[in-house]
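Visitor: Handing over start-v6.cif, mmCIF, C-alpha atoms and all ligand atoms.
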```cif
data_input
#
loop_
_atom_site.group_PDB
_atom_site.id
_atom_site.type_symbol
_atom_site.label_atom_id
_atom_site.label_comp_id
_atom_site.auth_asym_id
_atom_site.auth_seq_id
_atom_site.Cartn_x
_atom_site.Cartn_y
_atom_site.Cartn_z
ATOM 1 C CA MET A 1 31.508 -16.500 3.694
ATOM 2 C CA LYS A 2 31.907 -18.067 0.278
ATOM 3 C CA GLN A 3 33.271 -15.898 -2.483
ATOM 4 C CA LYS A 4 30.562 -15.270 -5.093
ATOM 5 C CA ILE A 5 31.836 -15.684 -8.616
ATOM 6 C CA GLY A 6 30.108 -15.060 -11.913
ATOM 7 C CA ILE A 7 31.486 -16.468 -15.149
ATOM 8 C CA LEU A 8 29.924 -14.656 -18.082
ATOM 9 C CA TYR A 9 30.547 -15.927 -21.581
ATOM 10 C CA SER A 10 29.818 -15.454 -25.224
ATOM 11 C CA THR A 11 30.483 -18.453 -27.438
ATOM 12 C CA VAL A 12 29.508 -19.515 -30.942
ATOM 13 C CA ASP A 13 30.949 -22.998 -31.361
ATOM 14 C CA GLY A 14 31.388 -23.810 -27.684
ATOM 15 C CA GLN A 15 35.137 -23.365 -27.055
ATOM 16 C CA THR A 16 34.740 -20.331 -24.791
ATOM 17 C CA LEU A 17 32.032 -22.179 -22.891
ATOM 18 C CA LYS A 18 34.369 -25.179 -22.562
ATOM 19 C CA ILE A 19 37.047 -22.885 -21.106
ATOM 20 C CA CYS A 20 34.487 -21.356 -18.713
ATOM 21 C CA ASN A 21 33.375 -24.820 -17.595
ATOM 22 C CA TYR A 22 37.007 -25.727 -16.987
ATOM 23 C CA ILE A 23 37.514 -22.561 -14.910
ATOM 24 C CA HIS A 24 34.355 -23.387 -12.984
ATOM 25 C CA GLY A 25 35.658 -26.890 -12.345
ATOM 26 C CA LEU A 26 38.878 -25.491 -10.850
ATOM 27 C CA MET A 27 36.986 -23.623 -8.148
ATOM 28 C CA ASP A 28 36.649 -25.086 -4.701
ATOM 29 C CA PRO A 29 32.910 -25.319 -3.884
ATOM 30 C CA LYS A 30 33.783 -25.109 -0.183
ATOM 31 C CA LYS A 31 35.243 -21.647 -0.679
ATOM 32 C CA THR A 32 33.353 -20.314 -3.664
ATOM 33 C CA SER A 33 29.871 -20.170 -5.046
ATOM 34 C CA ALA A 34 30.393 -19.906 -8.804
ATOM 35 C CA ASN A 35 27.861 -19.783 -11.617
ATOM 36 C CA LEU A 36 28.056 -19.615 -15.396
ATOM 37 C CA TYR A 37 25.935 -17.198 -17.392
ATOM 38 C CA SER A 38 25.506 -16.706 -21.110
ATOM 39 C CA ILE A 39 25.560 -13.056 -22.154
ATOM 40 C CA ASP A 40 22.262 -13.801 -23.913
ATOM 41 C CA ASN A 41 20.346 -14.180 -20.668
ATOM 42 C CA PHE A 42 22.395 -12.491 -17.987
ATOM 43 C CA ASN A 43 20.365 -10.178 -15.802
ATOM 44 C CA SER A 44 21.954 -10.474 -12.358
ATOM 45 C CA ASN A 45 22.950 -7.493 -10.295
ATOM 46 C CA LEU A 46 26.718 -7.015 -10.363
ATOM 47 C CA ALA A 47 26.686 -6.146 -6.671
ATOM 48 C CA ASP A 48 25.800 -9.826 -6.070
ATOM 49 C CA PHE A 49 29.321 -10.857 -7.098
ATOM 50 C CA ASP A 50 32.744 -10.559 -5.532
ATOM 51 C CA VAL A 51 34.388 -11.651 -8.778
ATOM 52 C CA LEU A 52 33.228 -11.530 -12.387
ATOM 53 C CA ILE A 53 35.063 -13.337 -15.168
ATOM 54 C CA ILE A 54 34.095 -12.475 -18.734
ATOM 55 C CA GLY A 55 35.122 -14.676 -21.671
ATOM 56 C CA ALA A 56 34.395 -13.946 -25.324
ATOM 57 C CA SER A 57 35.517 -15.413 -28.631
ATOM 58 C CA ILE A 58 36.538 -13.620 -31.789
ATOM 59 C CA ARG A 59 34.528 -13.900 -34.957
ATOM 60 C CA TYR A 60 35.774 -12.017 -37.983
ATOM 61 C CA GLY A 61 37.964 -9.782 -35.883
ATOM 62 C CA LYS A 62 35.405 -8.872 -33.243
ATOM 63 C CA HIS A 63 34.142 -9.927 -29.858
ATOM 64 C CA ASN A 64 30.395 -10.324 -29.447
ATOM 65 C CA GLU A 65 28.723 -6.896 -29.507
ATOM 66 C CA LYS A 66 26.630 -7.755 -26.431
ATOM 67 C CA ILE A 67 29.803 -8.258 -24.407
ATOM 68 C CA ARG A 68 31.110 -4.870 -25.482
ATOM 69 C CA GLU A 69 27.796 -3.207 -24.595
ATOM 70 C CA PHE A 70 27.632 -4.995 -21.266
ATOM 71 C CA ILE A 71 31.066 -3.705 -20.291
ATOM 72 C CA LEU A 72 30.363 -0.171 -21.485
ATOM 73 C CA ASN A 73 27.008 -0.052 -19.694
ATOM 74 C CA ASN A 74 28.366 -1.445 -16.422
ATOM 75 C CA ARG A 75 31.809 0.080 -16.255
ATOM 76 C CA GLU A 76 31.201 1.747 -12.904
ATOM 77 C CA ASP A 77 29.853 -1.364 -11.160
ATOM 78 C CA LEU A 78 32.591 -3.481 -12.706
ATOM 79 C CA GLY A 79 35.086 -1.178 -11.055
ATOM 80 C CA LYS A 80 33.723 -2.129 -7.630
ATOM 81 C CA ILE A 81 34.428 -5.875 -7.882
ATOM 82 C CA ARG A 82 37.340 -8.044 -8.964
ATOM 83 C CA THR A 83 37.145 -8.577 -12.707
ATOM 84 C CA GLY A 84 38.825 -10.650 -15.359
ATOM 85 C CA PHE A 85 38.467 -10.755 -19.110
ATOM 86 C CA PHE A 86 39.753 -13.271 -21.600
ATOM 87 C CA SER A 87 39.524 -13.458 -25.349
ATOM 88 C CA VAL A 88 39.497 -16.679 -27.378
ATOM 89 C CA ASN A 89 40.782 -16.638 -30.934
ATOM 90 C CA LEU A 90 42.906 -18.593 -33.376
ATOM 91 C CA VAL A 91 45.603 -15.998 -33.916
ATOM 92 C CA ALA A 92 46.551 -16.591 -30.254
ATOM 93 C CA ARG A 93 47.910 -20.022 -31.249
ATOM 94 C CA LYS A 94 51.015 -18.125 -32.394
ATOM 95 C CA ASP A 95 53.730 -17.568 -29.811
ATOM 96 C CA ASN A 96 54.130 -13.923 -30.733
ATOM 97 C CA LYS A 97 50.384 -13.189 -30.474
ATOM 98 C CA ASN A 98 49.338 -15.083 -27.382
ATOM 99 C CA LEU A 99 49.679 -12.435 -24.689
ATOM 100 C CA PRO A 100 47.355 -9.570 -23.785
ATOM 101 C CA SER A 101 50.143 -7.237 -24.891
ATOM 102 C CA THR A 102 50.660 -8.963 -28.261
ATOM 103 C CA ASN A 103 47.239 -10.224 -29.336
ATOM 104 C CA PRO A 104 45.859 -7.677 -31.815
ATOM 105 C CA TYR A 105 42.170 -8.324 -31.032
ATOM 106 C CA LEU A 106 42.638 -7.908 -27.309
ATOM 107 C CA ILE A 107 44.810 -4.815 -27.664
ATOM 108 C CA LYS A 108 42.214 -3.175 -29.903
ATOM 109 C CA PHE A 109 39.267 -4.205 -27.720
ATOM 110 C CA ILE A 110 40.791 -2.832 -24.521
ATOM 111 C CA GLU A 111 41.832 0.360 -26.271
ATOM 112 C CA GLN A 112 38.323 0.880 -27.640
ATOM 113 C CA ILE A 113 36.321 0.189 -24.510
ATOM 114 C CA LYS A 114 38.832 1.873 -22.211
ATOM 115 C CA TRP A 115 38.274 -0.659 -19.456
ATOM 116 C CA GLU A 116 41.030 -2.348 -17.480
ATOM 117 C CA PRO A 117 39.970 -5.530 -15.716
ATOM 118 C CA ASP A 118 42.142 -6.744 -12.839
ATOM 119 C CA VAL A 119 43.228 -9.752 -14.866
ATOM 120 C CA LEU A 120 43.453 -9.907 -18.636
ATOM 121 C CA ASP A 121 44.312 -12.885 -20.817
ATOM 122 C CA VAL A 122 43.954 -14.456 -24.217
ATOM 123 C CA PHE A 123 43.618 -18.133 -25.076
ATOM 124 C CA ALA A 124 43.941 -19.920 -28.364
ATOM 125 C CA GLY A 125 40.714 -21.499 -29.542
ATOM 126 C CA LYS A 126 39.697 -24.465 -31.629
ATOM 127 C CA LEU A 127 39.885 -25.062 -35.360
ATOM 128 C CA ASP A 128 37.247 -27.369 -36.759
ATOM 129 C CA TYR A 129 36.742 -26.929 -40.506
ATOM 130 C CA LYS A 130 34.134 -29.678 -40.693
ATOM 131 C CA SER A 131 31.776 -27.826 -38.376
ATOM 132 C CA TYR A 132 31.816 -24.570 -40.377
ATOM 133 C CA PRO A 133 29.264 -23.712 -43.041
ATOM 134 C CA PHE A 134 30.708 -23.279 -46.540
ATOM 135 C CA PHE A 135 31.307 -19.523 -46.447
ATOM 136 C CA ASP A 136 32.865 -19.599 -42.987
ATOM 137 C CA ARG A 137 35.095 -22.519 -43.993
ATOM 138 C CA ILE A 138 36.463 -20.563 -46.937
ATOM 139 C CA MET A 139 37.021 -17.504 -44.792
ATOM 140 C CA ILE A 140 38.774 -19.387 -41.995
ATOM 141 C CA LYS A 141 40.993 -21.121 -44.545
ATOM 142 C CA LEU A 142 41.933 -17.697 -45.824
ATOM 143 C CA ILE A 143 42.677 -16.414 -42.312
ATOM 144 C CA MET A 144 44.741 -19.535 -41.589
ATOM 145 C CA LYS A 145 46.610 -19.227 -44.864
ATOM 146 C CA MET A 146 47.453 -15.606 -44.122
ATOM 147 C CA THR A 147 48.711 -16.566 -40.670
ATOM 148 C CA LYS A 148 50.561 -19.677 -41.917
ATOM 149 C CA GLY A 149 48.264 -22.183 -40.215
ATOM 150 C CA PRO A 150 46.725 -25.447 -41.459
ATOM 151 C CA THR A 151 44.144 -25.054 -44.236
ATOM 152 C CA LYS A 152 43.094 -28.693 -44.021
ATOM 153 C CA THR A 153 42.539 -30.948 -41.025
ATOM 154 C CA ASP A 154 41.063 -34.428 -40.615
ATOM 155 C CA GLN A 155 40.376 -33.823 -36.951
ATOM 156 C CA PRO A 156 39.546 -30.633 -35.059
ATOM 157 C CA ILE A 157 42.624 -28.970 -33.526
ATOM 158 C CA GLU A 158 42.264 -27.585 -30.028
ATOM 159 C CA TYR A 159 45.018 -25.023 -29.498
ATOM 160 C CA THR A 160 43.876 -24.004 -26.008
ATOM 161 C CA ASP A 161 46.686 -24.127 -23.459
ATOM 162 C CA TRP A 162 44.916 -25.385 -20.339
ATOM 163 C CA GLU A 163 47.860 -24.500 -18.086
ATOM 164 C CA ARG A 164 47.388 -20.888 -19.124
ATOM 165 C CA VAL A 165 43.705 -21.159 -18.204
ATOM 166 C CA LYS A 166 44.714 -22.592 -14.817
ATOM 167 C CA ASN A 167 47.094 -19.689 -14.176
ATOM 168 C CA PHE A 168 44.415 -17.196 -15.153
ATOM 169 C CA THR A 169 41.988 -18.825 -12.700
ATOM 170 C CA SER A 170 44.552 -18.739 -9.882
ATOM 171 C CA LYS A 171 45.130 -15.041 -10.517
ATOM 172 C CA MET A 172 41.399 -14.404 -10.403
ATOM 173 C CA LEU A 173 41.167 -16.060 -7.011
ATOM 174 C CA GLU A 174 44.286 -14.451 -5.559
ATOM 175 C CA ASP A 175 42.294 -12.091 -3.343
ATOM 176 C CA GLU A 176 40.368 -14.975 -1.835
HETATM 177 C C1 LIG B 201 33.129 -17.701 -38.598
HETATM 178 C C2 LIG B 201 34.378 -17.628 -37.777
HETATM 179 C C3 LIG B 201 35.175 -16.491 -37.808
HETATM 180 C C4 LIG B 201 36.356 -16.439 -37.052
HETATM 181 N N1 LIG B 201 37.140 -15.322 -37.120
HETATM 182 C C5 LIG B 201 38.335 -15.297 -36.485
HETATM 183 C C6 LIG B 201 39.207 -14.192 -36.613
HETATM 184 O O1 LIG B 201 38.917 -13.210 -37.268
HETATM 185 N N2 LIG B 201 40.396 -14.259 -35.973
HETATM 186 C C7 LIG B 201 40.765 -15.330 -35.203
HETATM 187 O O2 LIG B 201 41.871 -15.330 -34.658
HETATM 188 N N3 LIG B 201 39.935 -16.388 -35.030
HETATM 189 C C8 LIG B 201 38.746 -16.397 -35.667
HETATM 190 N N4 LIG B 201 37.905 -17.472 -35.532
HETATM 191 C C9 LIG B 201 38.311 -18.572 -34.654
HETATM 192 C C10 LIG B 201 37.524 -18.599 -33.357
HETATM 193 O O3 LIG B 201 37.793 -17.454 -32.579
HETATM 194 C C11 LIG B 201 37.894 -19.876 -32.609
HETATM 195 O O4 LIG B 201 37.460 -20.979 -33.373
HETATM 196 C C12 LIG B 201 37.313 -19.966 -31.214
HETATM 197 O O5 LIG B 201 37.698 -21.211 -30.648
HETATM 198 C C13 LIG B 201 35.797 -19.854 -31.236
HETATM 199 O O6 LIG B 201 35.330 -19.845 -29.919
HETATM 200 P P1 LIG B 201 33.792 -20.150 -29.611
HETATM 201 O O7 LIG B 201 33.552 -21.577 -30.003
HETATM 202 O O8 LIG B 201 33.652 -19.951 -28.146
HETATM 203 O O9 LIG B 201 32.967 -19.179 -30.394
HETATM 204 C C14 LIG B 201 36.732 -17.539 -36.253
HETATM 205 C C15 LIG B 201 35.922 -18.689 -36.232
HETATM 206 C C16 LIG B 201 34.755 -18.739 -36.978
HETATM 207 C C17 LIG B 201 33.932 -19.997 -36.959
#
```
Show the structure stored in the file as structure tokens.
Guide:
Amino acid sequence: MKQKIGILYSTVDGQTLKICNYIHGLMDPKKTSANLYSIDNFNSNLADFDVLIIGASIRYGKHNEKIREFILNNREDLGKIRTGFFSVNLVARKDNKNLPSTNPYLIKFIEQIKWEPDVLDVFAGKLDYKSYPFFDRIMIKLIMKMTKGPTKTDQPIEYTDWERVKNFTSKMLEDE
């Protein structure tokens, strides 16, 4: 029997979706049946999955509210399957903030929702000033300045460490 895997995401500019697509691409279709779902139109029964991976990005300090609600509303069913959660944010580009135990957004999120997935991780996202509307651009520059990052870039910078994503995926499939 193939392992049924759901990959549920919330993304604004597409980096979390890119990571989810990468994870999906790492799965062996002979052994797994994996599908991607946006949190905006997810209505499957959790009992249909053996594994559920949830990925969400940070915007102004917070993960998407729908992701939080989904986890809170389904805590019991989530406890019956293998689960993984990863956060995507720019602070995670820093060596001392790129682990579940050191990334402030992830620490706070897990504390607040009181949910422990089987596998937890955090990945650095993408910085692309040119794609941000004026207000967001100013705000991100401020965040980057405060965290000693670039406040100007000619090209987008993708900080995502794909090896980390690979390791996360292997851990998710360990029970296979
Ligand atoms: C409007 C806006 C607000 C953001 N706020 C934060 C933040 O508070 N902390 C942080 O580390 N990254 C922040 N980011 C960076 C995003 O988390 C990062 O760009 C990530 O790759 C976005 O993933 P997504 O494209 O899947 O939404 C912000 C980005 C934008 C555009």
Visitor: Report, in Å to a single decimal, how far apart atom CA of Ile71 of chain A and atom O1 of ligand LIG 201 (chain B) are.
Guide: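 About the pair atom O1 of ligand LIG 201 (chain B) and atom CA of Ile71 of chain A: they are 21.0 Å apart.
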Visitor: Residues up to 8 Å from ligand LIG 201 (chain B), counting all atoms listed in the file: could you list those as a PyMOL selection string?
Guide: chain A and resi 10-18+56-62+88-92+105+124-128+132+136-137+139-140+143+158
Visitor: Residues within 8 Å of Val122 of chain A, please, as a PDB file with C-alpha atoms, in the frame of the given file. Count all atoms listed in the file; anything in the same chain fewer than 3 positions from it doesn't count.
Guide:
```
ATOM      1  CA  PHE A  86      39.753 -13.271 -21.600  1.00  0.00           C
ATOM      2  CA  SER A  87      39.524 -13.458 -25.349  1.00  0.00           C
ATOM      3  CA  VAL A  88      39.497 -16.679 -27.378  1.00  0.00           C
ATOM      4  CA  ASN A  89      40.782 -16.638 -30.934  1.00  0.00           C
ATOM      5  CA  ALA A  92      46.551 -16.591 -30.254  1.00  0.00           C
ATOM      6  CA  ASN A  98      49.338 -15.083 -27.382  1.00  0.00           C
ATOM      7  CA  LEU A  99      49.679 -12.435 -24.689  1.00  0.00           C
ATOM      8  CA  PRO A 100      47.355  -9.570 -23.785  1.00  0.00           C
ATOM      9  CA  ASN A 103      47.239 -10.224 -29.336  1.00  0.00           C
ATOM     10  CA  LEU A 106      42.638  -7.908 -27.309  1.00  0.00           C
TER      11      LEU A 106
END
```
Visitor: Choose the residue, out of A:Arg164, A:Lys171, A:Arg82, A:Lys114, that has the smallest atom-to-atom separation from Ile19 of chain A; count all atoms listed in the file.
Guide: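 When distances to Ile19 of chain A are compared using all atoms listed in the file, the smallest one comes from A:Arg164.
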Visitor: Using all atoms listed in the file, can you list as a PyMOL selection string the residues within 10 Å of (24.4, -14.3, -22.1)?
Guide: chain A and resi 8-11+36-43+66-67+70
Visitor: What is the distance between atom CA of Lys31 of chain A and atom CA of Ile5 of chain A, in Å to one decimal?
Guide: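 Between these atoms lies a distance of 10.5 Å.
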Visitor: Please indicate the distance in Å from atom CA of Asn21 of chain A to atom CA of Glu163 of chain A, rounded to one decimal place.
Guide: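 Value for the atom CA of Asn21 of chain A-atom CA of Glu163 of chain A distance: 14.5 Å.
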Visitor: Can you pull out the residues contacting Ser33 of chain A? Cut-off 9 Å, using only C-alpha atoms, and skip same-chain residues under 3 positions away; I want them as a list in words.
Guide: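 The residues satisfying every condition are Lys2, Gln3, Lys4, Ile5, Gly6, Met27, Asp28, Pro29 and Lys30 of chain A.
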Visitor: So, counting only C-alpha atoms, which residue among A:Tyr129, A:Ser170, A:Asn64, A:Ile138 is closest to Asp154 of chain A?
Guide: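 Of the candidates, the smallest distance to Asp154 of chain A is held by A:Tyr129.
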Visitor: Rank nothing, just name the residue among A:Ile81, A:Met172, A:Thr147, A:Asn167 nearest to Asn96 of chain A, using all atoms listed in the file.
Guide: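 Looking only at the distances to Asn96 of chain A, the closest residue turns out to be A:Thr147.
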Visitor: Identify, on the basis of only C-alpha atoms, every residue whose closest approach to Leu78 of chain A does not exceed 9 Å; exclude the query and any residue fewer than 2 positions from it along the same chain; express the result as a ChimeraX atom specification.
Guide: /A:46-47,52,71,74-76,80-83,117
Visitor: Which of these, A:Lys166, A:Arg93, A:Arg68, A:Lys130, has the shortest distance to Lys152 of chain A once you count only C-alpha atoms?
Guide: A:Lys130
